[in-house]
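**Q** To be precise about what I am sending: the file is called start.pdb and holds PDB, C-alpha atoms and all ligand atoms.
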ATOM      1  CA  MET A  24     150.240  65.159 136.489
ATOM      2  CA  LYS A  25     148.983  68.445 135.107
ATOM      3  CA  LEU A  26     150.967  70.131 132.355
ATOM      4  CA  LEU A  27     150.651  73.543 130.762
ATOM      5  CA  VAL A  28     151.976  74.123 127.240
ATOM      6  CA  ILE A  29     152.501  77.777 126.340
ATOM      7  CA  ASN A  30     153.155  79.015 122.817
ATOM      8  CA  GLY A  31     154.264  82.528 121.966
ATOM      9  CA  PRO A  32     153.799  84.897 119.039
ATOM     10  CA  ASN A  33     153.231  83.725 115.473
ATOM     11  CA  LEU A  34     153.020  80.051 116.389
ATOM     12  CA  ASN A  35     149.304  80.326 115.568
ATOM     13  CA  MET A  36     150.546  80.934 111.994
ATOM     14  CA  LEU A  37     152.083  77.469 111.665
ATOM     15  CA  GLY A  38     151.296  75.978 108.259
ATOM     16  CA  ILE A  39     151.349  79.485 106.756
ATOM     17  CA  ARG A  40     154.560  81.086 108.067
ATOM     18  CA  GLU A  41     157.965  80.151 106.585
ATOM     19  CA  LYS A  42     156.996  76.566 105.792
ATOM     20  CA  GLU A  43     160.563  75.712 104.785
ATOM     21  CA  LEU A  44     161.543  76.323 108.419
ATOM     22  CA  TYR A  45     158.461  75.436 110.440
ATOM     23  CA  GLY A  46     156.796  72.839 108.225
ATOM     24  CA  ALA A  47     153.384  72.566 106.598
ATOM     25  CA  LYS A  48     151.375  71.401 109.609
ATOM     26  CA  ASP A  49     149.155  74.002 111.212
ATOM     27  CA  TYR A  50     148.660  75.079 114.824
ATOM     28  CA  ALA A  51     145.632  72.821 115.250
ATOM     29  CA  ALA A  52     147.834  69.859 114.293
ATOM     30  CA  LEU A  53     150.382  70.896 116.932
ATOM     31  CA  CYS A  54     147.630  71.091 119.570
ATOM     32  CA  ALA A  55     146.324  67.638 118.561
ATOM     33  CA  PHE A  56     149.868  66.240 118.807
ATOM     34  CA  ILE A  57     150.313  67.726 122.306
ATOM     35  CA  GLN A  58     146.911  66.388 123.395
ATOM     36  CA  GLN A  59     147.711  62.906 122.099
ATOM     37  CA  THR A  60     151.093  62.928 123.847
ATOM     38  CA  ALA A  61     149.404  63.896 127.108
ATOM     39  CA  GLU A  62     146.982  60.961 126.751
ATOM     40  CA  GLU A  63     149.905  58.580 126.197
ATOM     41  CA  LEU A  64     151.552  59.950 129.344
ATOM     42  CA  GLN A  65     148.265  59.815 131.245
ATOM     43  CA  ALA A  66     148.689  63.490 132.012
ATOM     44  CA  GLU A  67     146.284  66.400 131.814
ATOM     45  CA  VAL A  68     147.293  69.262 129.567
ATOM     46  CA  ASP A  69     146.169  72.839 128.978
ATOM     47  CA  ILE A  70     147.438  74.581 125.869
ATOM     48  CA  TYR A  71     147.700  78.359 125.615
ATOM     49  CA  GLN A  72     148.865  80.615 122.784
ATOM     50  CA  SER A  73     149.237  84.378 122.693
ATOM     51  CA  ASN A  74     150.966  86.979 120.580
ATOM     52  CA  HIS A  75     151.257  89.304 123.603
ATOM     53  CA  GLU A  76     154.081  89.225 126.146
ATOM     54  CA  GLY A  77     151.940  90.342 129.102
ATOM     55  CA  ASP A  78     149.358  87.654 128.371
ATOM     56  CA  LEU A  79     152.113  85.036 128.504
ATOM     57  CA  VAL A  80     153.265  86.448 131.858
ATOM     58  CA  ASP A  81     149.654  86.352 133.153
ATOM     59  CA  CYS A  82     149.291  82.740 131.976
ATOM     60  CA  ILE A  83     152.458  81.699 133.861
ATOM     61  CA  GLN A  84     151.348  83.534 137.005
ATOM     62  CA  ASN A  85     147.890  81.943 136.839
ATOM     63  CA  ALA A  86     149.518  78.498 136.770
ATOM     64  CA  TYR A  87     150.961  79.020 140.247
ATOM     65  CA  GLY A  88     149.764  76.245 142.550
ATOM     66  CA  LYS A  89     147.727  74.580 139.773
ATOM     67  CA  VAL A  90     150.243  72.999 137.418
ATOM     68  CA  ASP A  91     153.086  70.475 137.862
ATOM     69  CA  GLY A  92     155.104  71.381 134.770
ATOM     70  CA  ILE A  93     155.306  74.008 132.041
ATOM     71  CA  VAL A  94     156.432  73.459 128.455
ATOM     72  CA  ILE A  95     157.079  76.806 126.824
ATOM     73  CA  ASN A  96     157.931  77.880 123.306
ATOM     74  CA  PRO A  97     158.171  81.642 123.822
ATOM     75  CA  ALA A  98     158.949  82.096 120.097
ATOM     76  CA  ALA A  99     160.480  85.546 119.445
ATOM     77  CA  TYR A 100     160.116  86.498 123.130
ATOM     78  CA  THR A 101     162.714  83.827 123.900
ATOM     79  CA  HIS A 102     165.378  86.231 122.767
ATOM     80  CA  THR A 103     164.093  89.403 124.447
ATOM     81  CA  SER A 104     161.878  88.756 127.425
ATOM     82  CA  VAL A 105     163.169  89.231 130.946
ATOM     83  CA  ALA A 106     159.491  89.454 132.002
ATOM     84  CA  ILE A 107     158.768  85.855 130.940
ATOM     85  CA  LEU A 108     162.000  84.672 132.596
ATOM     86  CA  ASP A 109     161.020  86.437 135.830
ATOM     87  CA  ALA A 110     157.482  84.969 135.722
ATOM     88  CA  LEU A 111     158.876  81.430 135.380
ATOM     89  CA  LYS A 112     161.249  82.089 138.272
ATOM     90  CA  ALA A 113     158.436  83.587 140.348
ATOM     91  CA  VAL A 114     156.191  80.517 140.143
ATOM     92  CA  SER A 115     159.050  77.969 140.467
ATOM     93  CA  ILE A 116     157.180  75.387 138.394
ATOM     94  CA  PRO A 117     159.517  72.916 136.629
ATOM     95  CA  ALA A 118     159.756  74.142 133.042
ATOM     96  CA  CYS A 119     161.227  73.090 129.689
ATOM     97  CA  GLU A 120     161.949  75.314 126.702
ATOM     98  CA  VAL A 121     160.985  74.085 123.224
ATOM     99  CA  HIS A 122     161.742  75.398 119.739
ATOM    100  CA  LEU A 123     160.576  73.791 116.522
ATOM    101  CA  THR A 124     163.736  74.893 114.755
ATOM    102  CA  ASP A 125     167.347  74.618 115.881
ATOM    103  CA  VAL A 126     167.782  78.172 117.160
ATOM    104  CA  ASN A 127     171.547  77.690 117.549
ATOM    105  CA  ALA A 128     171.881  77.062 113.805
ATOM    106  CA  ARG A 129     170.083  80.278 112.805
ATOM    107  CA  GLU A 130     170.832  84.010 113.215
ATOM    108  CA  ASP A 131     173.103  84.988 116.112
ATOM    109  CA  PHE A 132     170.311  86.822 117.945
ATOM    110  CA  ARG A 133     168.381  83.546 118.215
ATOM    111  CA  LYS A 134     171.250  81.964 120.158
ATOM    112  CA  ILE A 135     170.357  84.121 123.154
ATOM    113  CA  SER A 136     167.592  82.764 125.364
ATOM    114  CA  TYR A 137     166.560  84.542 128.543
ATOM    115  CA  VAL A 138     163.863  81.958 129.257
ATOM    116  CA  ARG A 139     166.418  79.118 129.239
ATOM    117  CA  LEU A 140     167.767  80.415 132.564
ATOM    118  CA  ALA A 141     164.542  79.268 134.244
ATOM    119  CA  CYS A 142     164.218  75.952 132.372
ATOM    120  CA  GLU A 143     165.469  72.493 133.261
ATOM    121  CA  LYS A 144     165.988  71.485 129.640
ATOM    122  CA  THR A 145     165.810  72.858 126.115
ATOM    123  CA  PHE A 146     164.601  70.857 123.106
ATOM    124  CA  SER A 147     165.426  72.778 119.932
ATOM    125  CA  GLY A 148     165.223  71.582 116.351
ATOM    126  CA  TYR A 149     163.047  68.488 116.803
ATOM    127  CA  GLY A 150     159.826  69.945 115.357
ATOM    128  CA  PHE A 151     156.607  68.809 117.095
ATOM    129  CA  GLU A 152     158.550  65.959 118.722
ATOM    130  CA  GLY A 153     160.379  68.491 120.928
ATOM    131  CA  TYR A 154     157.094  69.133 122.761
ATOM    132  CA  ALA A 155     156.719  65.401 123.446
ATOM    133  CA  MET A 156     160.327  65.208 124.663
ATOM    134  CA  ALA A 157     159.707  68.081 127.061
ATOM    135  CA  MET A 158     156.424  66.579 128.292
ATOM    136  CA  ARG A 159     158.080  63.197 128.852
ATOM    137  CA  HIS A 160     160.899  64.850 130.798
ATOM    138  CA  LEU A 161     158.475  66.678 133.085
ATOM    139  CA  CYS A 162     156.358  63.553 133.638
ATOM    140  CA  SER A 163     159.401  61.433 134.455
ATOM    141  CA  LYS A 164     160.236  63.473 137.536
TER
HETATM  142  C1  LIG B   1     160.905  79.493 117.456
HETATM  143  C2  LIG B   1     162.263  80.110 117.157
HETATM  144  C3  LIG B   1     162.221  81.603 117.418
HETATM  145  O1  LIG B   1     163.508  82.185 117.160
HETATM  146  C4  LIG B   1     161.220  82.281 116.510
HETATM  147  O2  LIG B   1     161.131  83.659 116.799
HETATM  148  C5  LIG B   1     159.874  81.629 116.569
HETATM  149  C6  LIG B   1     159.781  80.175 116.693
HETATM  150  C7  LIG B   1     160.849  77.996 117.089
HETATM  151  O3  LIG B   1     159.917  77.327 117.534
HETATM  152  O4  LIG B   1     161.712  77.502 116.349
HETATM  153  O5  LIG B   1     158.860  82.281 116.398
HETATM  154  O6  LIG B   1     160.659  79.588 118.846
END
Produce structure tokens that represent the structure in this file.
**A**
Amino acid sequence: MKLLVINGPNLNMLGIREKELYGAKDYAALCAFIQQTAEELQAEVDIYQSNHEGDLVDCIQNAYGKVDGIVINPAAYTHTSVAILDALKAVSIPACEVHLTDVNAREDFRKISYVRLACEKTFSGYGFEGYAMAMRHLCSK
């Protein structure tokens, strides 16, 4: 099982940005958590982060034929990006959407997710654990 975890803009600022919302652990800690979860699942994982929409689209396209599942936290692009939605649809790789915070309990604009339309499941508001839940779902198929 080969998984790809994709993180969108500002997630590299974990541990610095809005700690009351996103917690005190930094992006390296998130990557270590994802890596450890993959080992427990006996899966391979690649982790990618970018602040640029087109780079996220390129990353999804490059996964075509190489990856069995995608876990994506598109961050702010969740609420705006038809391009990321279309890329996920184009590659038809089983995907799950993850958010550290509960986006449905925040501002109204965060309740809209384009990416969700191409995802099997959404895990929102579980912190780092949401990534593990998504990875377990994809590995259980
Ligand atoms: C987020 C929620 C988004 O609304 C926000 O723009 C982010 C992070 C989350 O993980 O909770 O950057 O995706």
**Q** Within 6 Å of ligand LIG 1 (chain B) (counting only C-alpha atoms and all ligand atoms), which residues show up? I'd like them as a list of chain:residue names.
**A**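 With only C-alpha atoms and all ligand atoms and a cut-off of 6 Å, ligand LIG 1 (chain B) is contacted by A:Asn33, A:Asn96, A:Pro97, A:Ala98, A:Ala99, A:His122, A:Leu123, A:Thr124, A:Val126, A:Arg133.
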**Q** Which is closer to Glu130 in chain A than all the others in A:Ala155, A:Leu161, A:Gln84, A:His102, using all atoms listed in the file?
**A**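 Of A:Ala155, A:Leu161, A:Gln84, A:His102, the one nearest Glu130 in chain A, counting all atoms listed in the file, is A:His102.
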**Q** Pick out the residues sitting within 8 Å of Val105 in chain A, and hand them over as a compact mmCIF listing (two decimals) with C-alpha atoms, in the frame of the given file; count all atoms listed in the file, and ignore anything fewer than 3 positions along from it in its own chain.
**A**
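File produced: out.txt:
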# COMPACT_ATOMS: atom_id res chain seq x y z
CA LEU A 108 162.00 84.67 132.60
CA ASP A 109 161.02 86.44 135.83
CA TYR A 137 166.56 84.54 128.54
CA VAL A 138 163.86 81.96 129.26
**Q** Between A:Leu44, A:Leu53, A:Ile116, A:Leu140, single out the one closest to Ala128 in chain A, counting only C-alpha atoms.
**A**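 Between A:Leu44, A:Leu53, A:Ile116, A:Leu140, the residue approaching Ala128 in chain A most closely is A:Leu44.
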**Q** With 5 Å of padding per side, what axis-aligned box (centre and edge lengths, Å, one decimal) covers all the listed atoms of range 37-46 of chain A? Give it as lines of an AutoDock Vina configuration file.
**A**
center_x = 156.4
center_y = 77.0
center_z = 108.2
size_x = 20.2
size_y = 18.2
size_z = 16.9
**Q** Go through A:Asn35, A:Gly150, A:Thr101, A:Gly77 and flag the residue nearest Lys134 in chain A, using all atoms listed in the file for the distances.
**A**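 Comparing A:Asn35, A:Gly150, A:Thr101, A:Gly77 against Lys134 in chain A, the winner is A:Thr101.
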**Q** Report the distance between CA of Glu76 in chain A and CA of Met158 in chain A in Å, rounded to one decimal place.
**A**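 Separating CA of Glu76 in chain A from CA of Met158 in chain A is a distance of 22.9 Å.
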**Q** Give me, please, the distance in Å between CA of Ser147 in chain A and CA of Leu26 in chain A, quoted to one decimal.
**A**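 Spanning CA of Ser147 in chain A to CA of Leu26 in chain A is a straight-line distance of 19.2 Å.
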**Q** Expanded to explicit residues, what is the PyMOL selection byres (((chain A and resi 55-71) around 10) and not hetatm) for this file, as number ranges by chain?
**A** A: 24-31, 50-54, 72-73, 78-79, 82, 90-95, 151-152, 154-156, 158-159, 162-163
**Q** Return the single residue from A:Arg139, A:Lys144, A:Tyr45, A:Asp81 that is closest to Asp125 in chain A, with distances computed using all atoms listed in the file.
**A** A:Tyr45
**Q** Residues within 10 Å of (156.8, 77.8, 139.5), file coordinates, counting only C-alpha atoms: what are they? Give the list as number ranges by chain.
**A** A: 83-84, 86-93, 110-118, 141
**Q** What is the distance, in Å and to one decimal place, between CA of Asn85 in chain A and CA of Ile107 in chain A?
**A**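 CA of Asn85 in chain A sits 13.0 Å away from CA of Ile107 in chain A.
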**Q** Of the residues A:Asp131, A:His160, A:Arg40, A:Val121, which is the one nearest to Gly148 in chain A, using all atoms listed in the file?
**A**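 Looking at the shortest contact to Gly148 in chain A, the residue is A:Val121.
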**Q** From the options A:Glu120, A:Leu34, A:Asn127, A:Phe132, which residue's atoms come nearest to Thr145 in chain A, counting only C-alpha atoms?
**A** A:Glu120
**Q** Could you add whatever atoms are missing so that range 54-65 of chain A carries all heavy atoms, then write the result as a PDB file, in the frame of the given file?
**A**
ATOM      1  N   CYS A  54     148.454  71.294 118.361  1.00  0.00           N
ATOM      2  CA  CYS A  54     147.630  71.091 119.570  1.00  0.00           C
ATOM      3  C   CYS A  54     147.167  69.639 119.667  1.00  0.00           C
ATOM      4  O   CYS A  54     147.180  69.059 120.763  1.00  0.00           O
ATOM      5  CB  CYS A  54     146.443  72.044 119.575  1.00  0.00           C
ATOM      6  SG  CYS A  54     146.929  73.764 119.766  1.00  0.00           S
ATOM      7  N   ALA A  55     146.775  69.042 118.557  1.00  0.00           N
ATOM      8  CA  ALA A  55     146.324  67.638 118.561  1.00  0.00           C
ATOM      9  C   ALA A  55     147.485  66.726 118.959  1.00  0.00           C
ATOM     10  O   ALA A  55     147.299  65.758 119.720  1.00  0.00           O
ATOM     11  CB  ALA A  55     145.787  67.254 117.184  1.00  0.00           C
ATOM     12  N   PHE A  56     148.674  67.028 118.466  1.00  0.00           N
ATOM     13  CA  PHE A  56     149.868  66.240 118.807  1.00  0.00           C
ATOM     14  C   PHE A  56     150.155  66.327 120.318  1.00  0.00           C
ATOM     15  O   PHE A  56     150.440  65.308 120.977  1.00  0.00           O
ATOM     16  CB  PHE A  56     151.072  66.755 118.003  1.00  0.00           C
ATOM     17  CG  PHE A  56     152.367  66.073 118.354  1.00  0.00           C
ATOM     18  CD1 PHE A  56     152.703  64.845 117.792  1.00  0.00           C
ATOM     19  CD2 PHE A  56     153.248  66.649 119.269  1.00  0.00           C
ATOM     20  CE1 PHE A  56     153.901  64.208 118.135  1.00  0.00           C
ATOM     21  CE2 PHE A  56     154.433  66.022 119.608  1.00  0.00           C
ATOM     22  CZ  PHE A  56     154.761  64.795 119.049  1.00  0.00           C
ATOM     23  N   ILE A  57     150.054  67.530 120.866  1.00  0.00           N
ATOM     24  CA  ILE A  57     150.313  67.726 122.306  1.00  0.00           C
ATOM     25  C   ILE A  57     149.268  66.967 123.128  1.00  0.00           C
ATOM     26  O   ILE A  57     149.586  66.296 124.114  1.00  0.00           O
ATOM     27  CB  ILE A  57     150.300  69.243 122.638  1.00  0.00           C
ATOM     28  CG1 ILE A  57     151.526  69.922 122.010  1.00  0.00           C
ATOM     29  CG2 ILE A  57     150.243  69.473 124.150  1.00  0.00           C
ATOM     30  CD1 ILE A  57     151.435  71.447 121.965  1.00  0.00           C
ATOM     31  N   GLN A  58     148.009  67.068 122.701  1.00  0.00           N
ATOM     32  CA  GLN A  58     146.911  66.388 123.395  1.00  0.00           C
ATOM     33  C   GLN A  58     147.117  64.873 123.374  1.00  0.00           C
ATOM     34  O   GLN A  58     146.945  64.196 124.399  1.00  0.00           O
ATOM     35  CB  GLN A  58     145.593  66.762 122.707  1.00  0.00           C
ATOM     36  CG  GLN A  58     144.354  66.471 123.506  1.00  0.00           C
ATOM     37  CD  GLN A  58     144.253  67.330 124.751  1.00  0.00           C
ATOM     38  OE1 GLN A  58     144.283  68.551 124.665  1.00  0.00           O
ATOM     39  NE2 GLN A  58     144.158  66.707 125.920  1.00  0.00           N
ATOM     40  N   GLN A  59     147.497  64.352 122.226  1.00  0.00           N
ATOM     41  CA  GLN A  59     147.711  62.906 122.099  1.00  0.00           C
ATOM     42  C   GLN A  59     148.883  62.444 122.969  1.00  0.00           C
ATOM     43  O   GLN A  59     148.825  61.397 123.613  1.00  0.00           O
ATOM     44  CB  GLN A  59     147.989  62.562 120.637  1.00  0.00           C
ATOM     45  CG  GLN A  59     147.924  61.070 120.351  1.00  0.00           C
ATOM     46  CD  GLN A  59     148.632  60.719 119.045  1.00  0.00           C
ATOM     47  OE1 GLN A  59     148.409  61.389 118.045  1.00  0.00           O
ATOM     48  NE2 GLN A  59     149.469  59.701 119.057  1.00  0.00           N
ATOM     49  N   THR A  60     149.942  63.259 123.000  1.00  0.00           N
ATOM     50  CA  THR A  60     151.093  62.928 123.847  1.00  0.00           C
ATOM     51  C   THR A  60     150.682  62.902 125.315  1.00  0.00           C
ATOM     52  O   THR A  60     151.093  62.006 126.070  1.00  0.00           O
ATOM     53  CB  THR A  60     152.228  63.957 123.630  1.00  0.00           C
ATOM     54  OG1 THR A  60     152.569  63.986 122.250  1.00  0.00           O
ATOM     55  CG2 THR A  60     153.457  63.610 124.451  1.00  0.00           C
ATOM     56  N   ALA A  61     149.864  63.850 125.716  1.00  0.00           N
ATOM     57  CA  ALA A  61     149.404  63.896 127.108  1.00  0.00           C
ATOM     58  C   ALA A  61     148.620  62.627 127.446  1.00  0.00           C
ATOM     59  O   ALA A  61     148.796  62.043 128.523  1.00  0.00           O
ATOM     60  CB  ALA A  61     148.543  65.134 127.336  1.00  0.00           C
ATOM     61  N   GLU A  62     147.759  62.187 126.510  1.00  0.00           N
ATOM     62  CA  GLU A  62     146.982  60.961 126.751  1.00  0.00           C
ATOM     63  C   GLU A  62     147.915  59.778 126.932  1.00  0.00           C
ATOM     64  O   GLU A  62     147.730  58.959 127.840  1.00  0.00           O
ATOM     65  CB  GLU A  62     146.003  60.718 125.612  1.00  0.00           C
ATOM     66  CG  GLU A  62     144.745  61.561 125.775  1.00  0.00           C
ATOM     67  CD  GLU A  62     143.920  61.666 124.500  1.00  0.00           C
ATOM     68  OE1 GLU A  62     143.929  60.722 123.704  1.00  0.00           O
ATOM     69  OE2 GLU A  62     143.279  62.720 124.318  1.00  0.00           O
ATOM     70  N   GLU A  63     148.938  59.681 126.087  1.00  0.00           N
ATOM     71  CA  GLU A  63     149.905  58.580 126.197  1.00  0.00           C
ATOM     72  C   GLU A  63     150.622  58.611 127.549  1.00  0.00           C
ATOM     73  O   GLU A  63     150.962  57.569 128.101  1.00  0.00           O
ATOM     74  CB  GLU A  63     150.940  58.669 125.065  1.00  0.00           C
ATOM     75  CG  GLU A  63     150.386  58.192 123.721  1.00  0.00           C
ATOM     76  CD  GLU A  63     151.217  58.661 122.530  1.00  0.00           C
ATOM     77  OE1 GLU A  63     152.377  59.048 122.726  1.00  0.00           O
ATOM     78  OE2 GLU A  63     150.678  58.639 121.414  1.00  0.00           O
ATOM     79  N   LEU A  64     150.843  59.802 128.057  1.00  0.00           N
ATOM     80  CA  LEU A  64     151.552  59.950 129.344  1.00  0.00           C
ATOM     81  C   LEU A  64     150.582  59.909 130.530  1.00  0.00           C
ATOM     82  O   LEU A  64     151.006  60.062 131.678  1.00  0.00           O
ATOM     83  CB  LEU A  64     152.328  61.269 129.361  1.00  0.00           C
ATOM     84  CG  LEU A  64     153.527  61.356 128.429  1.00  0.00           C
ATOM     85  CD1 LEU A  64     154.013  62.806 128.295  1.00  0.00           C
ATOM     86  CD2 LEU A  64     154.662  60.474 128.947  1.00  0.00           C
ATOM     87  N   GLN A  65     149.314  59.769 130.227  1.00  0.00           N
ATOM     88  CA  GLN A  65     148.265  59.815 131.245  1.00  0.00           C
ATOM     89  C   GLN A  65     148.362  61.094 132.083  1.00  0.00           C
ATOM     90  O   GLN A  65     148.264  61.077 133.310  1.00  0.00           O
ATOM     91  CB  GLN A  65     148.310  58.557 132.122  1.00  0.00           C
ATOM     92  CG  GLN A  65     148.002  57.307 131.289  1.00  0.00           C
ATOM     93  CD  GLN A  65     148.011  56.040 132.105  1.00  0.00           C
ATOM     94  OE1 GLN A  65     148.895  55.850 132.941  1.00  0.00           O
ATOM     95  NE2 GLN A  65     147.048  55.188 131.873  1.00  0.00           N
TER      96      GLN A  65
END
